[in-house]
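Source file: coords-v6.txt. Holds: compact mmCIF, C-alpha atoms and all ligand atoms.
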```
# COMPACT_ATOMS: atom_id res chain seq x y z
CA MET A 1 -30.17 1.46 -36.45
CA ARG A 2 -26.98 3.53 -36.64
CA LYS A 3 -26.38 5.32 -39.91
CA LYS A 4 -23.03 4.42 -41.46
CA MET A 5 -20.45 7.17 -41.66
CA LEU A 6 -17.45 7.98 -43.80
CA VAL A 7 -15.19 10.71 -42.50
CA ALA A 8 -12.38 12.26 -44.54
CA ASN A 9 -9.43 13.62 -42.60
CA TRP A 10 -7.45 15.71 -45.04
CA LYS A 11 -4.79 16.50 -42.43
CA MET A 12 -2.44 19.31 -43.60
CA TYR A 13 -3.28 18.83 -47.27
CA LYS A 14 -5.20 21.00 -49.73
CA THR A 15 -5.20 24.70 -50.45
CA ARG A 16 -8.57 26.41 -50.85
CA LYS A 17 -8.31 25.92 -54.59
CA GLU A 18 -7.57 22.20 -54.25
CA ALA A 19 -10.41 21.78 -51.76
CA ALA A 20 -12.87 23.41 -54.18
CA GLU A 21 -11.65 21.19 -57.03
CA PHE A 22 -12.10 18.09 -54.88
CA VAL A 23 -15.70 19.02 -54.08
CA ARG A 24 -16.53 19.70 -57.73
CA HIS A 25 -15.14 16.30 -58.81
CA PHE A 26 -16.55 14.40 -55.89
CA LEU A 27 -20.08 15.73 -56.37
CA GLN A 28 -19.92 14.76 -60.04
CA GLU A 29 -18.91 11.23 -59.15
CA THR A 30 -21.38 10.45 -56.37
CA GLU A 31 -25.14 10.27 -56.14
CA ALA A 32 -26.77 13.10 -54.21
CA GLN A 33 -28.70 10.71 -51.94
CA GLN A 34 -26.39 8.48 -49.96
CA PRO A 35 -27.15 5.82 -47.37
CA VAL A 36 -23.83 6.88 -45.82
CA GLU A 37 -23.25 10.09 -43.86
CA ILE A 38 -20.19 11.79 -45.33
CA VAL A 39 -18.11 14.29 -43.38
CA ILE A 40 -15.12 16.22 -44.73
CA CYS A 41 -12.63 17.40 -42.11
CA ALA A 42 -10.68 20.09 -43.92
CA PRO A 43 -7.89 22.48 -42.92
CA PHE A 44 -9.16 25.65 -41.21
CA THR A 45 -8.37 27.84 -44.21
CA ALA A 46 -10.75 25.88 -46.47
CA LEU A 47 -13.68 25.56 -44.05
CA ALA A 48 -15.55 28.75 -44.90
CA ASP A 49 -15.35 28.08 -48.66
CA LEU A 50 -16.46 24.48 -48.18
CA ALA A 51 -19.44 25.54 -46.08
CA VAL A 52 -20.71 27.40 -49.15
CA LEU A 53 -19.75 24.71 -51.66
CA LEU A 54 -21.28 21.88 -49.64
CA LYS A 55 -24.55 23.67 -48.89
CA ASP A 56 -27.49 21.52 -50.06
CA SER A 57 -25.06 18.71 -51.04
CA GLY A 58 -25.87 16.49 -48.06
CA LEU A 59 -22.16 16.38 -47.16
CA ARG A 60 -21.20 17.56 -43.68
CA LEU A 61 -18.29 19.70 -42.66
CA GLY A 62 -15.77 18.94 -39.92
CA ALA A 63 -12.70 20.60 -38.41
CA GLN A 64 -9.56 18.71 -37.44
CA ASN A 65 -8.97 20.48 -34.16
CA MET A 66 -10.06 23.38 -31.98
CA TYR A 67 -9.19 24.95 -28.63
CA TRP A 68 -11.82 24.87 -25.89
CA PRO A 69 -12.62 28.43 -24.63
CA ASP A 70 -15.12 30.62 -26.54
CA GLU A 71 -12.49 33.32 -27.01
CA GLY A 72 -9.34 34.67 -25.36
CA ALA A 73 -5.67 35.50 -25.66
CA PHE A 74 -4.61 32.18 -27.20
CA THR A 75 -2.47 33.06 -30.18
CA GLY A 76 -2.96 30.76 -33.12
CA GLU A 77 -6.02 28.95 -31.82
CA ILE A 78 -9.58 28.52 -33.13
CA SER A 79 -12.62 28.36 -30.85
CA PRO A 80 -15.81 26.28 -31.00
CA LEU A 81 -17.81 29.47 -31.58
CA MET A 82 -15.73 30.28 -34.65
CA LEU A 83 -16.34 26.81 -36.06
CA LYS A 84 -20.06 26.98 -35.33
CA GLU A 85 -20.35 30.33 -37.04
CA ILE A 86 -19.02 28.85 -40.28
CA GLY A 87 -21.40 25.90 -40.15
CA VAL A 88 -18.98 23.20 -39.00
CA GLY A 89 -20.82 20.26 -37.41
CA TYR A 90 -18.01 17.88 -36.42
CA VAL A 91 -14.56 18.17 -34.92
CA LEU A 92 -11.80 15.58 -34.64
CA ILE A 93 -10.44 15.43 -31.11
CA GLY A 94 -7.50 13.46 -29.75
CA HIS A 95 -6.11 12.31 -33.08
CA SER A 96 -2.85 10.43 -32.50
CA GLU A 97 -0.95 12.99 -34.60
CA ARG A 98 -2.10 15.74 -32.21
CA ARG A 99 -1.12 13.62 -29.22
CA ARG A 100 2.26 12.79 -30.73
CA TYR A 101 3.40 16.00 -32.45
CA PHE A 102 1.60 18.62 -30.36
CA GLY A 103 1.76 16.97 -26.95
CA GLU A 104 -2.00 16.78 -26.43
CA GLU A 105 -2.88 14.93 -23.28
CA GLU A 106 -5.95 13.79 -21.40
CA THR A 107 -6.82 17.02 -19.57
CA LEU A 108 -6.78 19.08 -22.74
CA ILE A 109 -8.61 16.44 -24.75
CA ARG A 110 -11.33 16.26 -22.10
CA LYS A 111 -11.78 20.05 -22.14
CA LYS A 112 -12.08 19.99 -25.91
CA VAL A 113 -14.68 17.21 -25.83
CA ALA A 114 -16.68 19.11 -23.20
CA ALA A 115 -16.51 22.35 -25.18
CA ALA A 116 -17.58 20.64 -28.41
CA LEU A 117 -20.56 19.03 -26.67
CA ALA A 118 -21.51 22.30 -24.97
CA HIS A 119 -21.63 24.03 -28.36
CA GLY A 120 -23.47 21.26 -30.17
CA LEU A 121 -20.45 20.26 -32.24
CA LYS A 122 -20.08 16.50 -32.57
CA PRO A 123 -16.67 15.36 -31.38
CA VAL A 124 -15.09 12.51 -33.29
CA LEU A 125 -12.93 11.24 -30.45
CA CYS A 126 -9.94 9.22 -31.64
CA VAL A 127 -8.32 6.47 -29.57
CA GLY A 128 -5.80 3.79 -30.43
CA GLU A 129 -2.70 1.96 -29.26
CA ASP A 130 0.75 2.29 -30.77
CA GLU A 131 3.00 -0.50 -32.02
CA LYS A 132 4.79 -0.99 -28.71
CA GLU A 133 1.57 -1.13 -26.72
CA ARG A 134 0.10 -3.57 -29.19
CA HIS A 135 3.08 -5.91 -28.89
CA ALA A 136 2.93 -5.71 -25.13
CA GLY A 137 -0.71 -6.88 -25.32
CA ARG A 138 -1.89 -3.61 -23.80
CA THR A 139 -4.46 -2.57 -26.42
CA GLY A 140 -7.53 -2.89 -24.17
CA GLU A 141 -5.82 -1.12 -21.29
CA VAL A 142 -4.70 1.78 -23.50
CA ILE A 143 -8.15 2.19 -25.03
CA GLN A 144 -9.70 2.30 -21.57
CA GLU A 145 -7.14 4.85 -20.32
CA GLN A 146 -7.72 7.09 -23.33
CA LEU A 147 -11.50 6.82 -23.08
CA TRP A 148 -11.63 7.66 -19.39
CA GLY A 149 -9.04 10.39 -19.91
CA ALA A 150 -11.27 12.04 -22.48
CA LEU A 151 -14.67 11.48 -20.89
CA ASP A 152 -14.25 11.22 -17.11
CA GLY A 153 -16.06 13.87 -15.16
CA LEU A 154 -18.14 15.06 -18.11
CA ASP A 155 -21.78 15.64 -17.42
CA LEU A 156 -23.16 12.85 -19.56
CA LYS A 157 -26.11 11.77 -17.49
CA ASP A 158 -28.41 11.73 -20.54
CA GLY A 159 -26.04 9.27 -22.17
CA LEU A 160 -23.80 9.73 -25.15
CA GLY A 161 -26.50 8.82 -27.66
CA GLU A 162 -25.70 10.45 -30.98
CA LYS A 163 -23.79 13.35 -29.46
CA ILE A 164 -20.37 11.83 -29.98
CA VAL A 165 -18.61 9.59 -32.50
CA LEU A 166 -15.71 7.34 -31.49
CA ALA A 167 -12.91 6.39 -33.84
CA TYR A 168 -10.59 3.46 -33.20
CA GLU A 169 -7.36 4.26 -34.99
CA PRO A 170 -4.45 1.99 -34.12
CA VAL A 171 -1.40 4.23 -34.52
CA TRP A 172 0.59 1.47 -36.24
CA ALA A 173 -2.04 1.25 -38.99
CA ILE A 174 -2.15 4.97 -39.84
CA GLY A 175 -0.52 5.75 -43.18
CA THR A 176 1.38 2.46 -43.24
CA GLY A 177 -0.65 0.47 -45.76
CA THR A 178 -1.10 -2.18 -43.06
CA PRO A 179 -4.63 -1.99 -41.69
CA ALA A 180 -5.86 -3.91 -38.66
CA ARG A 181 -7.80 -7.10 -39.33
CA GLY A 182 -11.55 -6.53 -39.51
CA ARG A 183 -12.32 -8.89 -36.66
CA ASP A 184 -9.65 -7.39 -34.39
CA ALA A 185 -10.95 -3.87 -35.02
CA ASP A 186 -14.48 -5.13 -34.37
CA ALA A 187 -13.38 -6.58 -31.04
CA VAL A 188 -11.92 -3.21 -29.99
CA ALA A 189 -15.08 -1.39 -31.15
CA GLY A 190 -17.11 -3.83 -29.04
CA LEU A 191 -14.81 -3.17 -26.10
CA ILE A 192 -15.31 0.59 -26.50
CA ARG A 193 -19.09 0.19 -26.47
CA SER A 194 -19.06 -2.06 -23.41
CA LEU A 195 -16.67 0.27 -21.54
CA LEU A 196 -18.98 3.21 -22.22
CA LEU A 197 -21.93 1.24 -20.95
CA LYS A 198 -20.05 0.09 -17.86
CA LYS A 199 -19.17 3.67 -17.05
CA GLY A 200 -22.84 4.66 -17.13
CA TYR A 201 -22.73 6.57 -20.42
CA GLY A 202 -25.65 4.57 -21.77
CA PRO A 203 -27.68 4.16 -23.80
CA VAL A 204 -24.78 3.47 -26.13
CA GLU A 205 -26.57 1.74 -29.01
CA GLY A 206 -26.67 5.04 -30.91
CA VAL A 207 -22.95 5.80 -30.51
CA ARG A 208 -21.19 5.32 -33.80
CA ILE A 209 -17.74 3.76 -33.74
CA LEU A 210 -15.46 4.14 -36.76
CA TYR A 211 -12.28 2.35 -37.76
CA GLY A 212 -9.33 4.30 -39.16
CA GLY A 213 -5.90 3.27 -40.45
CA SER A 214 -4.97 2.45 -44.07
CA VAL A 215 -8.58 2.16 -45.21
CA GLN A 216 -8.95 1.86 -48.99
CA ALA A 217 -11.74 0.95 -51.41
CA GLY A 218 -10.40 -2.63 -51.50
CA ASN A 219 -10.62 -3.21 -47.75
CA ILE A 220 -13.32 -0.87 -46.40
CA ALA A 221 -16.07 -3.49 -46.49
CA GLU A 222 -13.98 -5.74 -44.23
CA PHE A 223 -14.50 -3.11 -41.54
CA THR A 224 -17.91 -1.65 -42.22
CA THR A 225 -19.62 -5.05 -42.40
CA GLN A 226 -18.52 -5.82 -38.84
CA LYS A 227 -21.20 -5.73 -36.18
CA GLU A 228 -19.73 -3.01 -34.00
CA ILE A 229 -18.12 -0.81 -36.67
CA ASP A 230 -20.25 1.94 -38.17
CA GLY A 231 -17.92 3.44 -40.71
CA ALA A 232 -14.41 4.65 -41.41
CA LEU A 233 -12.12 7.60 -40.75
CA VAL A 234 -9.89 7.96 -43.76
CA GLY A 235 -6.69 9.89 -44.40
CA GLY A 236 -4.74 9.09 -47.58
CA SER A 237 -7.65 7.60 -49.55
CA SER A 238 -9.77 10.70 -48.94
CA LEU A 239 -7.46 13.08 -50.77
CA ALA A 240 -8.38 12.29 -54.38
CA ALA A 241 -12.05 12.73 -55.26
CA ALA A 242 -12.08 9.51 -57.32
CA ASP A 243 -10.60 7.46 -54.44
CA PHE A 244 -13.03 8.89 -51.92
CA ALA A 245 -15.97 8.34 -54.28
CA ALA A 246 -14.81 4.71 -54.65
CA LEU A 247 -14.95 4.33 -50.87
CA VAL A 248 -18.52 5.65 -50.79
CA LYS A 249 -19.45 3.26 -53.56
CA ALA A 250 -17.79 0.28 -51.89
CA MET A 251 -19.65 1.08 -48.67
CA SER A 252 -22.98 1.52 -50.43
CA ASP A 253 -22.59 -1.65 -52.54
CA ARG A 254 -21.30 -4.07 -49.95
CA GLY A 255 -20.29 -2.11 -46.92
CA GLY A 256 -23.19 -3.01 -44.65
CA THR A 257 -25.34 0.11 -45.10
P1 LIG B 1 -4.67 6.81 -43.35
O1 LIG B 1 -6.05 6.49 -43.92
O2 LIG B 1 -3.84 7.61 -44.31
O3 LIG B 1 -4.02 5.60 -42.81
O4 LIG B 1 -4.92 7.80 -42.11
C1 LIG B 1 -5.83 7.45 -41.14
C2 LIG B 1 -6.06 8.63 -40.26
O5 LIG B 1 -5.18 9.07 -39.54
C3 LIG B 1 -7.39 9.25 -40.31
O6 LIG B 1 -7.59 10.11 -39.24
```
Please express the file's structure as structure tokens.
Amino acid sequence: MRKKMLVANWKMYKTRKEAAEFVRHFLQETEAQQPVEIVICAPFTALADLAVLLKDSGLRLGAQNMYWPDEGAFTGEISPLMLKEIGVGYVLIGHSERRRYFGEEETLIRKKVAAALAHGLKPVLCVGEDEKERHAGRTGEVIQEQLWGALDGLDLKDGLGEKIVLAYEPVWAIGTGTPARGRDADAVAGLIRSLLLKKGYGPVEGVRILYGGSVQAGNIAEFTTQKEIDGALVGGSSLAAADFAALVKAMSDRGGT
């Protein structure tokens, strides 16, 4: 059985001081033993501090981006080795904000996924259609294009197993207060799993698929109780410790864990 996951994406929020305050509050508000795997994807500047603060807490640490070579003349970039050294275990790749504001495309995303896997970092690969694509009825097509773009040609003959996490984040649902419907998101998660299987990336039963986009304590169970959805990737509702703790509680109480 796949362990449920809750991933916080803090985006470009929180100084080191604010990150430390969050952790202190959050750990006070939640039980140490959780049936849910919790990952905090923090800004680069807070990662080293958080690695120390989260030690022995059971919470995992994630980055929001990285470049793919081990090192080199790439001003402003961070490598997988640098993340590993700190104790980062996860890295978001292909988030729609990176595609949209920083021009990230398939070739780069694929190199990042490959580099993360090669270094034993778990990529949380984000896919999702935008408003226009949704209205044109192209959701399935877009998901397939993005999946193949990110994974094609990778040496995955042992299957994806637990090496990678997928996140379905419809762009129109991010930060808008209008989430997808649980059953629609479940259908896309099911499509993702069947596409992976079709492509020969099986066994895929262990691959966790998250939903992201306007998730809050009041709606999280609608997603995490679905058959194909194994958790949530959360932006806005992960920023205040009390809100994030409420999400963990909602998932533990009735979220299908
Ligand atoms: P919101 O939860 O703020 O809609 O953001 C979702 C997201 O982009 C997580 O990666």
Checklist entry - Near range 120-132 of chain A, within 8 Å and counting all atoms listed in the file, which residues show up once chain neighbours fewer than 6 positions away are dropped, as a list in words? => result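 Skipping anything fewer than 6 positions along the chain leaves Pro80, Lys84, Val88, Gly89, Tyr90, Val91, Leu92, Ile93, Gly94, His95, Ser96, Val113, Arg138, Thr139, Val142, Ile143, Gln146, Leu147, Lys163, Ile164, Val165, Leu166, Ala167, Tyr168, Glu169, Pro170, Val171 and Trp172 of chain A.
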Show me which residues sit within 10 Å of ligand LIG 1 (chain B) when counting all atoms listed in the file, and put them as a CSV table (one decimal) with C-alpha atoms, in the coordinates of the input.
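The resulting part29.csv:
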```csv
chain,number,residue,atom,x,y,z
A,7,VAL,CA,-15.2,10.7,-42.5
A,8,ALA,CA,-12.4,12.3,-44.5
A,9,ASN,CA,-9.4,13.6,-42.6
A,10,TRP,CA,-7.4,15.7,-45.0
A,11,LYS,CA,-4.8,16.5,-42.4
A,41,CYS,CA,-12.6,17.4,-42.1
A,64,GLN,CA,-9.6,18.7,-37.4
A,92,LEU,CA,-11.8,15.6,-34.6
A,95,HIS,CA,-6.1,12.3,-33.1
A,96,SER,CA,-2.8,10.4,-32.5
A,97,GLU,CA,-1.0,13.0,-34.6
A,124,VAL,CA,-15.1,12.5,-33.3
A,126,CYS,CA,-9.9,9.2,-31.6
A,167,ALA,CA,-12.9,6.4,-33.8
A,168,TYR,CA,-10.6,3.5,-33.2
A,169,GLU,CA,-7.4,4.3,-35.0
A,170,PRO,CA,-4.4,2.0,-34.1
A,171,VAL,CA,-1.4,4.2,-34.5
A,172,TRP,CA,0.6,1.5,-36.2
A,173,ALA,CA,-2.0,1.2,-39.0
A,174,ILE,CA,-2.2,5.0,-39.8
A,175,GLY,CA,-0.5,5.8,-43.2
A,176,THR,CA,1.4,2.5,-43.2
A,177,GLY,CA,-0.6,0.5,-45.8
A,178,THR,CA,-1.1,-2.2,-43.1
A,179,PRO,CA,-4.6,-2.0,-41.7
A,211,TYR,CA,-12.3,2.4,-37.8
A,212,GLY,CA,-9.3,4.3,-39.2
A,213,GLY,CA,-5.9,3.3,-40.4
A,214,SER,CA,-5.0,2.4,-44.1
A,215,VAL,CA,-8.6,2.2,-45.2
A,216,GLN,CA,-9.0,1.9,-49.0
A,232,ALA,CA,-14.4,4.6,-41.4
A,233,LEU,CA,-12.1,7.6,-40.8
A,234,VAL,CA,-9.9,8.0,-43.8
A,235,GLY,CA,-6.7,9.9,-44.4
A,236,GLY,CA,-4.7,9.1,-47.6
A,237,SER,CA,-7.6,7.6,-49.6
A,238,SER,CA,-9.8,10.7,-48.9
A,239,LEU,CA,-7.5,13.1,-50.8
```
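Nearest residue to Gly159 in chain A among A:Asp70, A:Val207, A:Gln144, A:Arg110 is A:Val207, counting all atoms listed in the file.
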Checklist entry - Quick one: distance from CA of Asp56 in chain A to CA of Met1 in chain A in Å, one decimal? => result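 Distance reported for this atom pair: 24.4 Å.
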Item to check | Between CA of Phe26 in chain A and CA of Lys3 in chain A, distance in Å (one decimal) | outcome: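 Distance between the two atoms: 20.8 Å.
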Next on the checklist: For a test of reading the model, state the distance in Å between CA of Glu228 in chain A and CA of Glu133 in chain A, rounded to one decimal.
Outcome noted: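 Computing the Euclidean distance for CA of Glu228 in chain A and CA of Glu133 in chain A yields 22.6 Å.
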Next on the checklist: Using all atoms listed in the file and a cutoff of 10 Å, can you tell me which residues are near (-23.0, 6.9, -29.8) in the file's coordinates, and write them out as a PyMOL selection string?
Outcome noted: chain A and resi 2+159-166+193+196+201-209
Create the file for the chosen residues now, containing C-alpha atoms and written as a PDB file, in the frame of the given file.
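In the end it all went to result_27.pdb:
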```pdb
ATOM      1  CA  ARG A   2     -26.980   3.530 -36.640  1.00  0.00           C
ATOM      2  CA  GLY A 159     -26.040   9.270 -22.170  1.00  0.00           C
ATOM      3  CA  LEU A 160     -23.800   9.730 -25.150  1.00  0.00           C
ATOM      4  CA  GLY A 161     -26.500   8.820 -27.660  1.00  0.00           C
ATOM      5  CA  GLU A 162     -25.700  10.450 -30.980  1.00  0.00           C
ATOM      6  CA  LYS A 163     -23.790  13.350 -29.460  1.00  0.00           C
ATOM      7  CA  ILE A 164     -20.370  11.830 -29.980  1.00  0.00           C
ATOM      8  CA  VAL A 165     -18.610   9.590 -32.500  1.00  0.00           C
ATOM      9  CA  LEU A 166     -15.710   7.340 -31.490  1.00  0.00           C
ATOM     10  CA  ARG A 193     -19.090   0.190 -26.470  1.00  0.00           C
ATOM     11  CA  LEU A 196     -18.980   3.210 -22.220  1.00  0.00           C
ATOM     12  CA  TYR A 201     -22.730   6.570 -20.420  1.00  0.00           C
ATOM     13  CA  GLY A 202     -25.650   4.570 -21.770  1.00  0.00           C
ATOM     14  CA  PRO A 203     -27.680   4.160 -23.800  1.00  0.00           C
ATOM     15  CA  VAL A 204     -24.780   3.470 -26.130  1.00  0.00           C
ATOM     16  CA  GLU A 205     -26.570   1.740 -29.010  1.00  0.00           C
ATOM     17  CA  GLY A 206     -26.670   5.040 -30.910  1.00  0.00           C
ATOM     18  CA  VAL A 207     -22.950   5.800 -30.510  1.00  0.00           C
ATOM     19  CA  ARG A 208     -21.190   5.320 -33.800  1.00  0.00           C
ATOM     20  CA  ILE A 209     -17.740   3.760 -33.740  1.00  0.00           C
TER      21      ILE A 209
END
```
Next on the checklist: For a quick check of understanding, using all atoms listed in the file, which of A:Leu151, A:Ala180, A:Leu210, A:Leu59 has the smallest distance to Ile109 in chain A?
Outcome noted: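 Using all atoms listed in the file, Ile109 in chain A sits closest to A:Leu151.
Those residues that approach Glu37 in chain A to within 7 Å, counting only C-alpha atoms, are Lys3, Lys4, Met5 and Leu6 of chain A; same-chain residues fewer than 6 positions away are not listed.
Comparing A:Gly58, A:Tyr101, A:Asp155, A:Phe44 by their smallest distance to Gly76 in chain A, the closest is A:Phe44 (using only C-alpha atoms).
With all atoms listed in the file as the basis for measurement, A:Ala217 is the residue among A:Val23, A:Ala136, A:Ala42, A:Ala217 that approaches Lys249 in chain A most closely.
Considering the residues A:Glu29, A:Asp186, A:Asp49, A:Asp230 and counting all atoms listed in the file, Lys17 in chain A has its shortest atom-to-atom contact with A:Asp49.
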With the input short on atoms, add N, CA and C atoms back to range 181-203 of chain A and write it as a PDB file, in the coordinates of the input.
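Written output follows (result07.pdb):
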```pdb
ATOM      1  N   ARG A 181      -6.871  -6.122 -38.755  1.00  0.00           N
ATOM      2  CA  ARG A 181      -7.800  -7.100 -39.330  1.00  0.00           C
ATOM      3  C   ARG A 181      -9.207  -6.707 -38.903  1.00  0.00           C
ATOM      4  N   GLY A 182     -10.167  -6.932 -39.793  1.00  0.00           N
ATOM      5  CA  GLY A 182     -11.550  -6.530 -39.510  1.00  0.00           C
ATOM      6  C   GLY A 182     -12.037  -7.062 -38.174  1.00  0.00           C
ATOM      7  N   ARG A 183     -11.765  -8.318 -37.889  1.00  0.00           N
ATOM      8  CA  ARG A 183     -12.320  -8.890 -36.660  1.00  0.00           C
ATOM      9  C   ARG A 183     -11.624  -8.344 -35.409  1.00  0.00           C
ATOM     10  N   ASP A 184     -10.345  -7.989 -35.541  1.00  0.00           N
ATOM     11  CA  ASP A 184      -9.650  -7.390 -34.390  1.00  0.00           C
ATOM     12  C   ASP A 184     -10.198  -5.988 -34.105  1.00  0.00           C
ATOM     13  N   ALA A 185     -10.408  -5.229 -35.202  1.00  0.00           N
ATOM     14  CA  ALA A 185     -10.950  -3.870 -35.020  1.00  0.00           C
ATOM     15  C   ALA A 185     -12.364  -3.955 -34.449  1.00  0.00           C
ATOM     16  N   ASP A 186     -13.119  -4.951 -34.883  1.00  0.00           N
ATOM     17  CA  ASP A 186     -14.480  -5.130 -34.370  1.00  0.00           C
ATOM     18  C   ASP A 186     -14.455  -5.426 -32.869  1.00  0.00           C
ATOM     19  N   ALA A 187     -13.474  -6.245 -32.461  1.00  0.00           N
ATOM     20  CA  ALA A 187     -13.380  -6.580 -31.040  1.00  0.00           C
ATOM     21  C   ALA A 187     -13.091  -5.329 -30.218  1.00  0.00           C
ATOM     22  N   VAL A 188     -12.226  -4.445 -30.736  1.00  0.00           N
ATOM     23  CA  VAL A 188     -11.920  -3.210 -29.990  1.00  0.00           C
ATOM     24  C   VAL A 188     -13.150  -2.288 -29.981  1.00  0.00           C
ATOM     25  N   ALA A 189     -13.870  -2.216 -31.118  1.00  0.00           N
ATOM     26  CA  ALA A 189     -15.080  -1.390 -31.150  1.00  0.00           C
ATOM     27  C   ALA A 189     -16.097  -1.921 -30.125  1.00  0.00           C
ATOM     28  N   GLY A 190     -16.208  -3.224 -30.030  1.00  0.00           N
ATOM     29  CA  GLY A 190     -17.110  -3.830 -29.040  1.00  0.00           C
ATOM     30  C   GLY A 190     -16.671  -3.497 -27.625  1.00  0.00           C
ATOM     31  N   LEU A 191     -15.353  -3.519 -27.417  1.00  0.00           N
ATOM     32  CA  LEU A 191     -14.810  -3.170 -26.100  1.00  0.00           C
ATOM     33  C   LEU A 191     -15.158  -1.719 -25.758  1.00  0.00           C
ATOM     34  N   ILE A 192     -15.006  -0.831 -26.730  1.00  0.00           N
ATOM     35  CA  ILE A 192     -15.310   0.590 -26.500  1.00  0.00           C
ATOM     36  C   ILE A 192     -16.777   0.739 -26.078  1.00  0.00           C
ATOM     37  N   ARG A 193     -17.667   0.069 -26.803  1.00  0.00           N
ATOM     38  CA  ARG A 193     -19.090   0.190 -26.470  1.00  0.00           C
ATOM     39  C   ARG A 193     -19.376  -0.352 -25.072  1.00  0.00           C
ATOM     40  N   SER A 194     -18.762  -1.488 -24.729  1.00  0.00           N
ATOM     41  CA  SER A 194     -19.060  -2.060 -23.410  1.00  0.00           C
ATOM     42  C   SER A 194     -18.436  -1.221 -22.292  1.00  0.00           C
ATOM     43  N   LEU A 195     -17.275  -0.609 -22.564  1.00  0.00           N
ATOM     44  CA  LEU A 195     -16.670   0.270 -21.540  1.00  0.00           C
ATOM     45  C   LEU A 195     -17.568   1.486 -21.295  1.00  0.00           C
ATOM     46  N   LEU A 196     -18.106   2.048 -22.363  1.00  0.00           N
ATOM     47  CA  LEU A 196     -18.980   3.210 -22.220  1.00  0.00           C
ATOM     48  C   LEU A 196     -20.221   2.858 -21.406  1.00  0.00           C
ATOM     49  N   LEU A 197     -20.734   1.685 -21.662  1.00  0.00           N
ATOM     50  CA  LEU A 197     -21.930   1.240 -20.950  1.00  0.00           C
ATOM     51  C   LEU A 197     -21.615   1.031 -19.468  1.00  0.00           C
ATOM     52  N   LYS A 198     -20.470   0.383 -19.230  1.00  0.00           N
ATOM     53  CA  LYS A 198     -20.050   0.090 -17.860  1.00  0.00           C
ATOM     54  C   LYS A 198     -19.890   1.374 -17.056  1.00  0.00           C
ATOM     55  N   LYS A 199     -19.433   2.403 -17.718  1.00  0.00           N
ATOM     56  CA  LYS A 199     -19.170   3.670 -17.050  1.00  0.00           C
ATOM     57  C   LYS A 199     -20.455   4.471 -16.805  1.00  0.00           C
ATOM     58  N   GLY A 200     -21.572   3.966 -17.342  1.00  0.00           N
ATOM     59  CA  GLY A 200     -22.840   4.660 -17.130  1.00  0.00           C
ATOM     60  C   GLY A 200     -23.139   5.713 -18.185  1.00  0.00           C
ATOM     61  N   TYR A 201     -22.466   5.609 -19.343  1.00  0.00           N
ATOM     62  CA  TYR A 201     -22.730   6.570 -20.420  1.00  0.00           C
ATOM     63  C   TYR A 201     -23.782   6.050 -21.394  1.00  0.00           C
ATOM     64  N   GLY A 202     -24.623   5.132 -20.912  1.00  0.00           N
ATOM     65  CA  GLY A 202     -25.650   4.570 -21.770  1.00  0.00           C
ATOM     66  C   GLY A 202     -26.832   5.504 -21.916  1.00  0.00           C
ATOM     67  N   PRO A 203     -27.761   5.248 -22.841  1.00  0.00           N
ATOM     68  CA  PRO A 203     -27.680   4.160 -23.800  1.00  0.00           C
ATOM     69  C   PRO A 203     -26.580   4.397 -24.834  1.00  0.00           C
TER      70      PRO A 203
END
```
